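See below for the structure under consideration.
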Amino acid sequence: MAKNRNLICFIAVLASFTLASSPANASGEPPLLFTFGDSSYDVGNTKLFSSEFDPATMWPYGDSVDYPTGRWSDGAIVPDLVGRLIGNGEPVPPVLDPKADLSRGASFAISGAVVLGSPPQTMSFGQQISKFTELQKKWSDKERAEAIYMINIGADDYLSFAKAHPNANLVEQIAHVANVLQRFSRDLMSLYGSGARKLAVQNLGPLGCLPTVRQEFKKTGDTCLEMLNFMATTHNERLGRLLFMMTVARRGLRYSLFDFNGEILRRINEPSRHGYTDTTTSCCGTGSRNAFGCGYANVHSKLCSYQKSFLFFDGRHNTEKTDQDIANFFYSGDKHVVSPVNVRDLVGKSASNLAAQEI
């Protein structure tokens, strides 16, 4: 009898673990995944968009997976890893690939993407959404409503501003943040109008602490460029309020907001606790912070011997190890790192049953 009880308990525990870890949505199938943003989420659109040289297609990018894939990393990036967790066995393809199978979703992210303006060498956030709208009939209304829309955008707007206006005062910095978020809000409304109901948004990291910024602005030791960190923090505070107000006004819209900024700062400030030996310079590159030149054949870049000991792979992009941690927290973290719900909970509830009061 005791053995039977033990067996029943074991089966119950196993069943509860299986259900808890199941990535399926309310319909029982993994949801489609659509990703939007800049080089941190780019899975190869840059090389398809332009004939110009794309360093992410060259070694040592992709070193941890044996070959370059157009990702600005030594391996997988956050959307790939979150995609696995929600049940997609293969990463979603770059939307610009004419041979891509878009049945599981698509990546619209591309290097250099911004919120403001329309640079000719890339697709802005609004243009990415326009591309999605152009293709939306490839997926049913229900598929689009149940899909997860991962978004990571804005870094290039602030990096370009700091480079162009290094002496900008607080009023000018805050005005720029307001302009970025005003346009971002309009673009999100366009995405909502095309059927998006479940947003997974990553806030901006401490941009002033990127190796490329520390090197370009000649920061020494542990110092960062405070102007960029201030704008990123201000952006993130207002982003949270913006998303909340959108859900109050629109029944059925739900979101996960991941505190990427906090997680990166924790790793910068306590490297050994998170398994790093270096969180201020890049694994690949050249210069005082190894921040430039990764992937360029004519640049004598250094490459670290063990990528997992570095937070950054190149001057502004994470190593696969870092992105694995980020993806795990984004998917199943508590409200200290992702709120009001994580991606697992976002997946698990039917979009048709979401009330604003639940957000």
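Residues in the structure tokens are numbered from 1 in each chain, the chains being A, B, ... in the order shown, and ligands are numbered from 1 in the order shown.
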Per residue of region 36-131 of chain A within 12 Å of region 203-210 of chain A, which atom pair is closest and at what distance in Å (one decimal), using only C-alpha atoms, listed by chain and increasing number, as a Markdown table?
| residue | atom | partner | partner_atom | distance |
| --- | --- | --- | --- | --- |
| A:Gly37 | CA | A:Asn203 | CA | 11.5 |
| A:Asp38 | CA | A:Leu204 | CA | 11.6 |
| A:Ser40 | CA | A:Leu204 | CA | 11.1 |
Keeping N, CA, C and O atoms for every residue in the selection just given, could you write it to a file as a PDB file, in the first residue's frame?
ATOM      1  N   GLY A  37      12.916  44.717 -33.677  1.00  0.00           N
ATOM      2  CA  GLY A  37      13.952  45.423 -32.952  1.00  0.00           C
ATOM      3  C   GLY A  37      15.205  45.655 -33.755  1.00  0.00           C
ATOM      4  O   GLY A  37      15.188  45.730 -34.984  1.00  0.00           O
ATOM      5  N   ASP A  38      16.325  45.747 -33.014  1.00  0.00           N
ATOM      6  CA  ASP A  38      17.605  46.098 -33.617  1.00  0.00           C
ATOM      7  C   ASP A  38      18.527  44.884 -33.682  1.00  0.00           C
ATOM      8  O   ASP A  38      18.068  43.740 -33.677  1.00  0.00           O
ATOM      9  N   SER A  40      20.316  43.358 -31.619  1.00  0.00           N
ATOM     10  CA  SER A  40      20.262  42.383 -30.526  1.00  0.00           C
ATOM     11  C   SER A  40      19.267  41.260 -30.806  1.00  0.00           C
ATOM     12  O   SER A  40      19.384  40.176 -30.243  1.00  0.00           O
TER      13      SER A  40
END
Shell around Gly44 (chain A) at 10 Å using only C-alpha atoms, local window under 4 positions removed, as a ChimeraX atom specification: /A:39,48-49,54,56-57,68-72,93-97,107-111
Go through A:Arg344, A:Lys99, A:Ala297, A:Asn290 and flag the residue nearest Phe53 (chain A), using only C-alpha atoms for the distances.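 Checking each candidate against Phe53 (chain A), we get A:Ala297 as the closest.
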Skip Met58 (chain A) itself and residues of its chain fewer than 3 positions away, then list as a list of chain:residue names all residues within 6 Å of it, counting only C-alpha atoms.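 Here the answer would be A:Pro55, A:Tyr61, A:Pro68, A:Gly295.
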Could you list, as a VMD selection string, every residue within 12 Å of Lys138 (chain A), counting only C-alpha atoms and ignoring same-chain residues fewer than 5 positions away? chain A and resid 32 101 to 106 132 to 133 143 to 144
Output N, CA, C and O atoms for every residue in the selection just made, as a PDB file, in the first residue's frame.
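What follows is the written file part_3.pdb:
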ATOM      1  N   LEU A  32       2.697  31.277 -32.289  1.00  0.00           N
ATOM      2  CA  LEU A  32       3.623  31.886 -33.231  1.00  0.00           C
ATOM      3  C   LEU A  32       4.469  32.911 -32.488  1.00  0.00           C
ATOM      4  O   LEU A  32       4.049  33.468 -31.461  1.00  0.00           O
ATOM      5  N   ASP A 101      10.157  29.732 -44.245  1.00  0.00           N
ATOM      6  CA  ASP A 101       8.886  29.154 -43.831  1.00  0.00           C
ATOM      7  C   ASP A 101       8.362  30.005 -42.674  1.00  0.00           C
ATOM      8  O   ASP A 101       8.915  29.976 -41.578  1.00  0.00           O
ATOM      9  N   LEU A 102       7.311  30.760 -42.924  1.00  0.00           N
ATOM     10  CA  LEU A 102       6.780  31.693 -41.932  1.00  0.00           C
ATOM     11  C   LEU A 102       5.633  31.097 -41.119  1.00  0.00           C
ATOM     12  O   LEU A 102       4.914  31.824 -40.434  1.00  0.00           O
ATOM     13  N   SER A 103       5.490  29.789 -41.151  1.00  0.00           N
ATOM     14  CA  SER A 103       4.354  29.153 -40.470  1.00  0.00           C
ATOM     15  C   SER A 103       4.472  29.231 -38.947  1.00  0.00           C
ATOM     16  O   SER A 103       3.469  29.104 -38.236  1.00  0.00           O
ATOM     17  N   ARG A 104       5.687  29.439 -38.426  1.00  0.00           N
ATOM     18  CA  ARG A 104       5.872  29.533 -36.974  1.00  0.00           C
ATOM     19  C   ARG A 104       6.094  30.966 -36.510  1.00  0.00           C
ATOM     20  O   ARG A 104       6.289  31.213 -35.322  1.00  0.00           O
ATOM     21  N   GLY A 105       6.087  31.905 -37.465  1.00  0.00           N
ATOM     22  CA  GLY A 105       6.346  33.294 -37.141  1.00  0.00           C
ATOM     23  C   GLY A 105       7.511  33.819 -37.953  1.00  0.00           C
ATOM     24  O   GLY A 105       7.955  33.193 -38.917  1.00  0.00           O
ATOM     25  N   ALA A 106       8.044  34.975 -37.560  1.00  0.00           N
ATOM     26  CA  ALA A 106       9.133  35.582 -38.319  1.00  0.00           C
ATOM     27  C   ALA A 106       9.824  36.634 -37.483  1.00  0.00           C
ATOM     28  O   ALA A 106       9.246  37.213 -36.558  1.00  0.00           O
ATOM     29  N   PHE A 132       5.083  43.704 -41.311  1.00  0.00           N
ATOM     30  CA  PHE A 132       4.208  42.710 -40.692  1.00  0.00           C
ATOM     31  C   PHE A 132       2.769  42.888 -41.184  1.00  0.00           C
ATOM     32  O   PHE A 132       2.087  41.904 -41.517  1.00  0.00           O
ATOM     33  N   THR A 133       2.301  44.115 -41.226  1.00  0.00           N
ATOM     34  CA  THR A 133       0.941  44.399 -41.688  1.00  0.00           C
ATOM     35  C   THR A 133       0.744  43.946 -43.127  1.00  0.00           C
ATOM     36  O   THR A 133      -0.299  43.391 -43.490  1.00  0.00           O
ATOM     37  N   GLU A 143      -4.393  33.193 -34.826  1.00  0.00           N
ATOM     38  CA  GLU A 143      -2.943  32.977 -34.705  1.00  0.00           C
ATOM     39  C   GLU A 143      -2.239  34.274 -34.327  1.00  0.00           C
ATOM     40  O   GLU A 143      -1.340  34.280 -33.470  1.00  0.00           O
ATOM     41  N   ARG A 144      -2.641  35.374 -34.942  1.00  0.00           N
ATOM     42  CA  ARG A 144      -2.014  36.657 -34.631  1.00  0.00           C
ATOM     43  C   ARG A 144      -2.361  37.121 -33.216  1.00  0.00           C
ATOM     44  O   ARG A 144      -1.538  37.730 -32.532  1.00  0.00           O
TER      45      ARG A 144
END
Mind dumping a table of every region 56-155 of chain A residue within 12 Å of region 225-245 of chain A, with the nearest atom pair and its distance in Å to one decimal, using only C-alpha atoms, sorted by chain and rising number, as a tab-separated table?
residue	atom	partner	partner_atom	distance
A:Asn152	CA	A:Asn236	CA	11.8
A:Ile153	CA	A:His235	CA	11.2
A:Gly154	CA	A:Ala232	CA	8.9
A:Ala155	CA	A:Ala232	CA	8.1
For the strand (DSSP E or B) assignment from backbone DSSP, which residues of region 94-310 of chain A qualify? Please present them as a ChimeraX atom specification. /A:94,105-107,148-152,198-202,254-258,278-282,284-286,292,302-303,310
Let me see the file: selected residues, N, CA, C and O atoms, as a compact mmCIF listing (two decimals), in the first residue's frame.
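That gives us result-v4.txt:
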# COMPACT_ATOMS: atom_id res chain seq x y z
N PRO A 94 14.45 34.96 -40.58
CA PRO A 94 14.39 36.38 -40.96
C PRO A 94 13.32 36.57 -42.03
O PRO A 94 13.25 35.81 -42.99
N GLY A 105 6.09 31.90 -37.47
CA GLY A 105 6.35 33.29 -37.14
C GLY A 105 7.51 33.82 -37.95
O GLY A 105 7.96 33.19 -38.92
N ALA A 106 8.04 34.97 -37.56
CA ALA A 106 9.13 35.58 -38.32
C ALA A 106 9.82 36.63 -37.48
O ALA A 106 9.25 37.21 -36.56
N SER A 107 11.08 36.89 -37.84
CA SER A 107 11.83 37.98 -37.23
C SER A 107 11.89 39.17 -38.19
O SER A 107 12.28 39.02 -39.35
N ILE A 148 3.12 35.61 -29.70
CA ILE A 148 3.95 36.44 -28.84
C ILE A 148 4.75 37.39 -29.71
O ILE A 148 5.36 36.97 -30.70
N TYR A 149 4.74 38.67 -29.34
CA TYR A 149 5.44 39.71 -30.09
C TYR A 149 6.57 40.25 -29.22
O TYR A 149 6.34 41.02 -28.29
N MET A 150 7.79 39.80 -29.50
CA MET A 150 8.96 40.24 -28.73
C MET A 150 9.53 41.52 -29.34
O MET A 150 9.72 41.61 -30.55
N ILE A 151 9.81 42.49 -28.47
CA ILE A 151 10.24 43.81 -28.93
C ILE A 151 11.45 44.28 -28.12
O ILE A 151 11.42 44.26 -26.88
N ASN A 152 12.49 44.70 -28.84
CA ASN A 152 13.67 45.29 -28.20
C ASN A 152 14.18 46.40 -29.13
O ASN A 152 14.86 46.12 -30.10
N LYS A 198 -0.39 40.16 -27.45
CA LYS A 198 0.50 39.71 -26.39
C LYS A 198 1.92 40.22 -26.68
O LYS A 198 2.62 39.68 -27.53
N LEU A 199 2.32 41.26 -25.95
CA LEU A 199 3.60 41.90 -26.18
C LEU A 199 4.61 41.46 -25.12
O LEU A 199 4.30 41.47 -23.92
N ALA A 200 5.80 41.10 -25.54
CA ALA A 200 6.90 40.77 -24.64
C ALA A 200 8.01 41.79 -24.91
O ALA A 200 8.74 41.68 -25.89
N VAL A 201 8.10 42.78 -24.05
CA VAL A 201 8.96 43.94 -24.30
C VAL A 201 10.18 43.90 -23.37
O VAL A 201 10.03 43.72 -22.16
N GLN A 202 11.34 44.10 -23.94
CA GLN A 202 12.58 44.15 -23.18
C GLN A 202 12.98 45.61 -23.03
O GLN A 202 13.07 46.33 -24.03
N ARG A 254 -2.24 42.51 -23.58
CA ARG A 254 -1.51 42.04 -22.42
C ARG A 254 -0.02 42.13 -22.71
O ARG A 254 0.41 42.06 -23.87
N TYR A 255 0.80 42.26 -21.67
CA TYR A 255 2.23 42.41 -21.92
C TYR A 255 3.08 41.83 -20.79
O TYR A 255 2.63 41.67 -19.65
N SER A 256 4.31 41.51 -21.17
CA SER A 256 5.39 41.21 -20.22
C SER A 256 6.46 42.26 -20.44
O SER A 256 6.87 42.49 -21.58
N LEU A 257 6.92 42.88 -19.38
CA LEU A 257 8.00 43.87 -19.49
C LEU A 257 9.20 43.35 -18.70
O LEU A 257 9.14 43.21 -17.48
N PHE A 258 10.27 43.05 -19.41
CA PHE A 258 11.45 42.47 -18.78
C PHE A 258 12.46 43.55 -18.41
O PHE A 258 12.80 44.40 -19.23
N ASP A 278 34.84 38.97 -16.63
CA ASP A 278 34.94 40.30 -17.24
C ASP A 278 33.57 40.78 -17.69
O ASP A 278 32.90 40.12 -18.49
N THR A 279 33.16 41.93 -17.18
CA THR A 279 31.86 42.50 -17.57
C THR A 279 32.01 43.93 -18.09
O THR A 279 31.01 44.64 -18.25
N THR A 280 33.23 44.36 -18.37
CA THR A 280 33.44 45.73 -18.84
C THR A 280 34.11 45.80 -20.20
O THR A 280 34.10 46.86 -20.83
N THR A 281 34.70 44.71 -20.67
CA THR A 281 35.29 44.67 -22.00
C THR A 281 34.63 43.56 -22.82
O THR A 281 33.92 42.72 -22.28
N SER A 282 34.88 43.56 -24.12
CA SER A 282 34.27 42.58 -25.01
C SER A 282 35.15 41.35 -25.16
O SER A 282 36.37 41.43 -25.05
N CYS A 284 35.34 39.86 -28.09
CA CYS A 284 35.88 39.98 -29.45
C CYS A 284 36.00 41.45 -29.84
O CYS A 284 35.04 42.20 -29.71
N GLY A 285 37.16 41.84 -30.33
CA GLY A 285 37.35 43.21 -30.78
C GLY A 285 38.75 43.71 -30.54
O GLY A 285 39.65 42.95 -30.17
N THR A 286 38.93 45.01 -30.70
CA THR A 286 40.23 45.62 -30.47
C THR A 286 40.03 46.98 -29.81
O THR A 286 38.95 47.55 -29.85
N PHE A 292 35.71 47.39 -30.81
CA PHE A 292 35.49 47.61 -32.25
C PHE A 292 36.17 46.54 -33.08
O PHE A 292 37.17 45.94 -32.67
N LYS A 302 41.03 40.80 -31.15
CA LYS A 302 41.31 39.76 -30.17
C LYS A 302 40.05 38.92 -29.97
O LYS A 302 38.94 39.42 -30.13
N LEU A 303 40.22 37.66 -29.63
CA LEU A 303 39.09 36.80 -29.29
C LEU A 303 39.43 36.09 -27.99
O LEU A 303 40.47 35.45 -27.87
N PHE A 310 32.61 36.03 -20.27
CA PHE A 310 32.39 37.43 -20.63
C PHE A 310 30.89 37.74 -20.70
O PHE A 310 30.10 36.94 -21.19
If we count only C-alpha atoms, what is near Val337 (chain A) at a cut-off of 12 Å, once residues fewer than 3 positions away on the same chain are taken out, given as a list of chain:residue names?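 Close residues of Val337 (chain A): A:Gln202, A:Asn203, A:Ser256, A:Leu257, A:Phe258, A:Asp259, A:Phe260, A:Asn261, A:Gly262, A:Glu263, A:Ile264, A:Arg266, A:Asp325, A:Ile326, A:Ala327, A:Asn328, A:Phe329, A:Phe330, A:Tyr331, A:Ser332, A:Gly333, A:Asp334, A:Pro340, A:Val341, A:Asn342, A:Val343.
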Those same residues - N, CA, C and O atoms - I'd like them written as an mmCIF file, in the first residue's frame.
data_model
loop_
_atom_site.group_PDB
_atom_site.id
_atom_site.type_symbol
_atom_site.label_atom_id
_atom_site.label_comp_id
_atom_site.auth_asym_id
_atom_site.auth_seq_id
_atom_site.Cartn_x
_atom_site.Cartn_y
_atom_site.Cartn_z
ATOM 1 N N GLN A 202 11.341 44.095 -23.943
ATOM 2 C CA GLN A 202 12.585 44.150 -23.181
ATOM 3 C C GLN A 202 12.984 45.613 -23.034
ATOM 4 O O GLN A 202 13.070 46.332 -24.027
ATOM 5 N N ASN A 203 13.194 46.079 -21.799
ATOM 6 C CA ASN A 203 13.589 47.475 -21.662
ATOM 7 C C ASN A 203 15.066 47.657 -22.014
ATOM 8 O O ASN A 203 15.774 46.694 -22.336
ATOM 9 N N SER A 256 4.314 41.513 -21.168
ATOM 10 C CA SER A 256 5.390 41.206 -20.223
ATOM 11 C C SER A 256 6.459 42.262 -20.442
ATOM 12 O O SER A 256 6.867 42.494 -21.584
ATOM 13 N N LEU A 257 6.923 42.879 -19.384
ATOM 14 C CA LEU A 257 7.998 43.865 -19.491
ATOM 15 C C LEU A 257 9.196 43.348 -18.696
ATOM 16 O O LEU A 257 9.141 43.213 -17.478
ATOM 17 N N PHE A 258 10.269 43.050 -19.412
ATOM 18 C CA PHE A 258 11.447 42.467 -18.780
ATOM 19 C C PHE A 258 12.455 43.549 -18.411
ATOM 20 O O PHE A 258 12.805 44.403 -19.234
ATOM 21 N N ASP A 259 12.949 43.496 -17.166
ATOM 22 C CA ASP A 259 13.911 44.480 -16.680
ATOM 23 C C ASP A 259 15.328 44.070 -17.080
ATOM 24 O O ASP A 259 16.132 43.641 -16.257
ATOM 25 N N PHE A 260 15.626 44.223 -18.344
ATOM 26 C CA PHE A 260 16.953 43.917 -18.865
ATOM 27 C C PHE A 260 18.017 44.806 -18.218
ATOM 28 O O PHE A 260 19.120 44.363 -17.900
ATOM 29 N N ASN A 261 17.654 46.063 -17.991
ATOM 30 C CA ASN A 261 18.586 47.011 -17.387
ATOM 31 C C ASN A 261 19.082 46.517 -16.035
ATOM 32 O O ASN A 261 20.289 46.482 -15.770
ATOM 33 N N GLY A 262 18.148 46.111 -15.185
ATOM 34 C CA GLY A 262 18.519 45.643 -13.853
ATOM 35 C C GLY A 262 19.376 44.398 -13.885
ATOM 36 O O GLY A 262 20.346 44.261 -13.121
ATOM 37 N N GLU A 263 19.035 43.464 -14.780
ATOM 38 C CA GLU A 263 19.795 42.214 -14.854
ATOM 39 C C GLU A 263 21.221 42.448 -15.341
ATOM 40 O O GLU A 263 22.166 41.817 -14.853
ATOM 41 N N ILE A 264 21.407 43.346 -16.304
ATOM 42 C CA ILE A 264 22.757 43.631 -16.789
ATOM 43 C C ILE A 264 23.566 44.363 -15.715
ATOM 44 O O ILE A 264 24.749 44.053 -15.486
ATOM 45 N N ARG A 266 23.241 44.140 -12.498
ATOM 46 C CA ARG A 266 23.613 43.174 -11.458
ATOM 47 C C ARG A 266 24.845 42.372 -11.885
ATOM 48 O O ARG A 266 25.716 42.068 -11.062
ATOM 49 N N ASP A 325 20.661 33.358 -19.838
ATOM 50 C CA ASP A 325 20.141 33.808 -18.547
ATOM 51 C C ASP A 325 18.948 34.743 -18.742
ATOM 52 O O ASP A 325 17.921 34.615 -18.065
ATOM 53 N N ILE A 326 19.102 35.697 -19.664
ATOM 54 C CA ILE A 326 18.042 36.680 -19.911
ATOM 55 C C ILE A 326 16.768 35.976 -20.377
ATOM 56 O O ILE A 326 15.664 36.274 -19.906
ATOM 57 N N ALA A 327 16.913 35.033 -21.310
ATOM 58 C CA ALA A 327 15.751 34.319 -21.842
ATOM 59 C C ALA A 327 15.031 33.533 -20.739
ATOM 60 O O ALA A 327 13.793 33.523 -20.690
ATOM 61 N N ASN A 328 15.788 32.887 -19.878
ATOM 62 C CA ASN A 328 15.176 32.112 -18.798
ATOM 63 C C ASN A 328 14.375 33.007 -17.864
ATOM 64 O O ASN A 328 13.253 32.662 -17.462
ATOM 65 N N PHE A 329 14.939 34.160 -17.523
ATOM 66 C CA PHE A 329 14.219 35.093 -16.641
ATOM 67 C C PHE A 329 13.003 35.684 -17.349
ATOM 68 O O PHE A 329 11.944 35.857 -16.745
ATOM 69 N N PHE A 330 13.148 36.030 -18.615
ATOM 70 C CA PHE A 330 12.044 36.592 -19.395
ATOM 71 C C PHE A 330 10.887 35.590 -19.437
ATOM 72 O O PHE A 330 9.714 35.951 -19.282
ATOM 73 N N TYR A 331 11.217 34.325 -19.601
ATOM 74 C CA TYR A 331 10.197 33.294 -19.743
ATOM 75 C C TYR A 331 9.520 32.949 -18.416
ATOM 76 O O TYR A 331 8.292 32.823 -18.354
ATOM 77 N N SER A 332 10.290 32.795 -17.349
ATOM 78 C CA SER A 332 9.696 32.274 -16.111
ATOM 79 C C SER A 332 10.105 33.023 -14.859
ATOM 80 O O SER A 332 9.881 32.542 -13.746
ATOM 81 N N GLY A 333 10.689 34.226 -14.992
ATOM 82 C CA GLY A 333 11.116 34.984 -13.831
ATOM 83 C C GLY A 333 9.955 35.513 -13.002
ATOM 84 O O GLY A 333 8.805 35.557 -13.457
ATOM 85 N N ASP A 334 10.277 35.928 -11.767
ATOM 86 C CA ASP A 334 9.237 36.492 -10.897
ATOM 87 C C ASP A 334 9.086 37.984 -11.180
ATOM 88 O O ASP A 334 9.739 38.548 -12.067
ATOM 89 N N PRO A 340 3.860 42.702 -15.712
ATOM 90 C CA PRO A 340 3.125 42.104 -14.591
ATOM 91 C C PRO A 340 3.070 40.576 -14.651
ATOM 92 O O PRO A 340 2.722 39.934 -13.679
ATOM 93 N N VAL A 341 3.391 39.998 -15.819
ATOM 94 C CA VAL A 341 3.453 38.538 -15.960
ATOM 95 C C VAL A 341 4.684 38.196 -16.780
ATOM 96 O O VAL A 341 5.210 39.029 -17.524
ATOM 97 N N ASN A 342 5.181 36.960 -16.623
ATOM 98 C CA ASN A 342 6.289 36.521 -17.464
ATOM 99 C C ASN A 342 5.759 35.939 -18.777
ATOM 100 O O ASN A 342 4.543 35.815 -18.969
ATOM 101 N N VAL A 343 6.657 35.581 -19.669
ATOM 102 C CA VAL A 343 6.237 35.087 -20.984
ATOM 103 C C VAL A 343 5.475 33.774 -20.869
ATOM 104 O O VAL A 343 4.513 33.534 -21.608
#
Per residue of region 248-343 of chain A within 9 Å of region 73-77 of chain A, what are the shortest atom pair and its distance in Å to one decimal, counting only C-alpha atoms, with rows by chain and residue number, as a tab-separated table?
residue	atom	partner	partner_atom	distance
A:Gln307	CA	A:Asp74	CA	7.8
A:Phe312	CA	A:Ser73	CA	8.8
A:Phe313	CA	A:Ser73	CA	6.2
A:Asp314	CA	A:Ser73	CA	7.6
A:His317	CA	A:Ser73	CA	6.5
A:Asn318	CA	A:Ser73	CA	6.5
A:Thr319	CA	A:Ser73	CA	5.8
A:Glu320	CA	A:Gly75	CA	5.2
A:Lys321	CA	A:Gly75	CA	8.7
A:Thr322	CA	A:Ile77	CA	8.9
A:Asp323	CA	A:Ile77	CA	5.7
A:Gln324	CA	A:Ile77	CA	7.5
A:Ala327	CA	A:Ile77	CA	8.4
